[in-house]
file upload.txt (compact mmCIF, C-alpha atoms)
# COMPACT_ATOMS: atom_id res chain seq x y z
CA MET E 1 -16.36 -27.95 -8.48
CA GLU E 2 -19.28 -26.59 -10.37
CA GLY E 3 -18.82 -22.99 -11.50
CA LYS E 4 -15.06 -23.12 -11.15
CA LYS E 5 -12.23 -23.44 -13.67
CA ASN E 6 -8.65 -24.57 -13.19
CA LEU E 7 -5.83 -22.11 -13.81
CA CYS E 8 -2.30 -23.45 -14.13
CA ALA E 9 0.90 -21.59 -15.02
CA MET E 10 4.62 -22.18 -14.68
CA ILE E 11 6.32 -19.40 -12.71
CA PRO E 12 9.89 -18.88 -11.45
CA ALA E 13 10.71 -20.77 -8.23
CA GLU E 14 11.65 -17.54 -6.41
CA LEU E 15 8.27 -16.01 -7.20
CA HIS E 16 6.53 -19.20 -6.08
CA ALA E 17 8.36 -19.02 -2.74
CA ARG E 18 7.28 -15.39 -2.26
CA ILE E 19 3.69 -16.27 -3.08
CA MET E 20 3.63 -19.17 -0.63
CA ALA E 21 5.17 -17.00 2.11
CA GLU E 22 2.56 -14.30 1.59
CA LYS E 23 -0.22 -16.90 1.53
CA GLU E 24 0.95 -18.16 4.91
CA GLU E 25 1.24 -14.61 6.27
CA MET E 26 -2.34 -13.97 5.17
CA LYS E 27 -3.34 -17.21 6.92
CA LEU E 28 -5.13 -18.57 3.88
CA GLY E 29 -5.61 -22.34 3.79
CA THR E 30 -5.10 -23.10 0.14
CA LEU E 31 -3.29 -21.65 -2.82
CA ALA E 32 -6.64 -21.51 -4.62
CA GLU E 33 -7.97 -19.15 -1.93
CA TYR E 34 -4.90 -16.95 -2.29
CA VAL E 35 -5.07 -16.80 -6.10
CA GLU E 36 -8.81 -16.12 -6.06
CA ARG E 37 -8.30 -13.27 -3.58
CA ILE E 38 -5.48 -11.70 -5.62
CA PHE E 39 -7.49 -11.79 -8.85
CA ALA E 40 -10.65 -10.52 -7.15
CA GLU E 41 -8.72 -7.59 -5.66
CA HIS E 42 -7.18 -6.83 -9.04
CA PHE E 43 -10.42 -6.90 -11.02
CA GLU E 44 -12.69 -5.42 -8.35
CA GLY E 45 -10.32 -2.60 -7.46
CA GLY E 46 -9.72 -3.63 -3.85
CA ASN E 47 -5.98 -3.47 -4.36
CA ASP E 48 -5.04 -1.04 -7.11
CA MET E 49 -1.88 -2.48 -8.60
CA GLN E 50 -1.21 0.90 -10.21
CA THR E 51 -0.75 2.62 -6.83
CA GLU E 52 1.15 -0.11 -4.98
CA ARG E 53 4.62 -1.46 -5.60
CA THR E 54 6.56 -4.39 -4.18
CA LEU E 55 9.70 -3.69 -2.18
CA ALA E 56 12.09 -6.60 -1.75
CA VAL E 57 15.41 -6.51 0.04
CA LYS E 58 17.89 -9.15 1.10
CA ILE E 59 18.86 -9.15 4.77
CA SER E 60 21.00 -11.46 6.85
CA ALA E 61 19.42 -14.63 8.18
CA GLU E 62 20.11 -13.43 11.72
CA LEU E 63 18.28 -10.13 11.17
CA PHE E 64 15.40 -11.96 9.45
CA ASP E 65 15.04 -14.33 12.41
CA ARG E 66 15.06 -11.40 14.85
CA LEU E 67 12.40 -9.65 12.78
CA LYS E 68 10.16 -12.74 12.70
CA GLU E 69 10.50 -13.20 16.47
CA TYR E 70 9.62 -9.55 17.07
CA LEU E 71 6.60 -9.72 14.76
CA GLU E 72 5.27 -12.87 16.42
CA LYS E 73 5.87 -11.51 19.93
CA ASN E 74 4.04 -8.27 19.11
CA HIS E 75 1.33 -9.82 16.88
CA LEU E 76 2.32 -7.69 13.90
CA LYS E 77 2.27 -8.34 10.18
CA GLN E 78 5.54 -7.87 8.34
CA LYS E 79 4.01 -5.57 5.71
CA ASP E 80 2.41 -3.30 8.32
CA PHE E 81 5.59 -3.13 10.40
CA ILE E 82 7.90 -2.33 7.48
CA THR E 83 5.44 0.20 6.02
CA GLN E 84 5.23 1.99 9.38
CA LEU E 85 9.04 2.07 9.71
CA LEU E 86 9.43 3.53 6.23
CA GLN E 87 6.75 6.16 6.83
CA GLN E 88 8.36 7.23 10.12
CA ALA E 89 11.83 7.41 8.60
CA LEU E 90 10.64 9.45 5.62
CA ASP E 91 8.58 11.78 7.82
CA ASN E 92 11.62 12.35 10.04
CA ALA E 93 13.87 12.98 7.05
CA GLU E 94 11.45 15.55 5.63
CA GLU E 95 11.25 17.55 8.88
call {"tool": "encode", "arguments": {"input": "upload.txt", "output": "structure tokens"}}
result
Amino acid sequence: MEGKKNLCAMIPAELHARIMAEKEEMKLGTLAEYVERIFAEHFEGGNDMQTERTLAVKISAELFDRLKEYLEKNHLKQKDFITQLLQQALDNAEE
């Protein structure tokens, strides 16, 4: 692994689970690929962490399963789907 350095840090289990879920959603093979992408976006400005925020909500397992089935059936990403729903709802509320 010439030209590479190891980075290791203890993080809360809940955060680890969220990271692994997002890594899978992004269809990245290894955690190293995911971490490298996140840091590259941060330092190269591809994903401005100052203009984006994380939204997390708890929903029932049944609703979560329905959502996952819908996303798979329609070849959608969770982030894109939820963002679109929020934008539509806010646009409708502002009219």
call {"tool": "closest_residue", "arguments": {"input": "upload.txt", "among": "E:Thr54, E:Gln88, E:Gln78, E:Ser60", "to": "Glu24 of chain E", "atoms": "all atoms listed in the file"}}
result
E:Gln78
call {"tool": "closest_residue", "arguments": {"input": "upload.txt", "among": "E:Lys77, E:Arg37, E:Lys5, E:His42", "to": "Glu25 of chain E", "atoms": "all atoms listed in the file"}}
result
E:Lys77
call {"tool": "axis_aligned_box", "arguments": {"input": "upload.txt", "around": "segment 31-42 of chain E", "padding_each_side": "4 Å", "output": "JSON"}}
result
{"center_x": -7.0, "center_y": -14.2, "center_z": -5.5, "size_x": 15.4, "size_y": 22.8, "size_z": 15.1}
call {"tool": "atom_distance", "arguments": {"input": "upload.txt", "atom1": "atom CA of Met10 of chain E", "atom2": "atom CA of Tyr34 of chain E"}}
result
16.5 Å
call {"tool": "closest_residue", "arguments": {"input": "upload.txt", "among": "E:Leu31, E:Leu90, E:Met20, E:Ile59", "to": "Leu7 of chain E", "atoms": "only C-alpha atoms"}}
result
E:Leu31
call {"tool": "closest_residue", "arguments": {"input": "upload.txt", "among": "E:Val35, E:Arg53, E:Ala40, E:Arg66", "to": "Ala9 of chain E", "atoms": "all atoms listed in the file"}}
result
E:Val35
